[in-house]
Structure formats: C-alpha cells, structure tokens
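Trainee: Below are the structure tokens for one structure; questions will follow.
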Amino acid sequence: MNAIVTVVGRDRVGIIAAICGRLADHQVNILDISQTILQGSFTMVMAVDLTASSTPFGELSNSLAELGKEMGLSVRIQREEIFNAMHTI
C-alpha cells in the first residue's frame, strides 16, 4: 500500500532526518519527496510505500503524529487513494 505523508511547521534543523528516521524504524520506503521553505515555514510531501512494514496503519499514524508533536510540527499520513480522492476536483 502507498501513502502520502505531509509535514508542516516552522523550519528548523533536523526535520527531514527525524521524519525519515521514524519511517525507516517502521520499514517504510520513501518513493518520492518534495520539500520547500516559504517565509520560514517548512512544508514537505512524501510518497511512501508501506508494503514491507508490519506496523498497523493506525499505529504508524500515531507514531508520526507523536513525533510531530515533539518537534512542533503537523505530521500526517493518509492512504494514497484517500489523499487522491480528497484532492480531485
């Protein structure tokens, strides 16, 4: 299963490393990544593959949200099909 991870918050050192490290801890493969900083705000969107992960989706979502809270960021993961449906006009 593929999913989309979004990260938003104030820019600081280590955001990408922390998010990628947490995903690696759960055996989640990063397929694509885009990030930018706009007037001090960090935004990142990642396409990920959960095929090799044995972590239940809800547990992974909670783990990423907890990391985001610790870092003062909003970190969300959505199943790719839901993300696409929500962003189809």
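All residue names refer to the structure tokens as shown: chains lettered A, B, ... in order, residues numbered from 1 in each chain, ligands numbered from 1 in order.
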Identify, on the basis of only C-alpha atoms, every residue whose closest approach to Glu59 of chain A does not exceed 12 Å; exclude the query and any residue fewer than 6 positions from it along the same chain; express the result as a ChimeraX atom specification.

Mentor: /A:23,26,53,65-66,77

Trainee: DSSP on the backbone, then: every residue of chain A marked alpha helix (DSSP H), written as a ChimeraX atom specification.

Mentor: /A:15-25,57-71,80-86

Trainee: Tell me, which residues of chain A carry DSSP strand (DSSP E), written as a ChimeraX atom specification?

Mentor: /A:2-10,29-38,41-49,73-79

Trainee: With distances taken over only C-alpha atoms, which of A:Val13, A:Ala52, A:Ala24, A:Ile19 is nearest to Gly40 of chain A?

Mentor: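 Comparing A:Val13, A:Ala52, A:Ala24, A:Ile19 against Gly40 of chain A, the winner is A:Val13.
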
Trainee: In terms of the shortest atom-to-atom distance over only C-alpha atoms, which of A:Met1, A:Val75, A:Ile82, A:Ile30 is closest to Ser61 of chain A?

Mentor: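 The answer is A:Val75, which sits nearest to Ser61 of chain A.
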
Trainee: Which one of A:Cys20, A:Gly58, A:Asp25, A:Asp11 sits closest to Leu38 of chain A if you count only C-alpha atoms?

Mentor: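 Closest to Leu38 of chain A of all the choices is A:Asp11.
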
Trainee: Work out how far atom CA of Val28 of chain A is from atom CA of Thr51 of chain A, in Å to one decimal.

Mentor: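 Distance reported for this atom pair: 7.5 Å.
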
Trainee: A:Phe57, A:Gln27, A:Lys69, A:Asp32: which is nearest Val45 of chain A, counting only C-alpha atoms?

Mentor: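 Checking each of A:Phe57, A:Gln27, A:Lys69, A:Asp32 against Val45 of chain A, counting only C-alpha atoms, the winner is A:Asp32.
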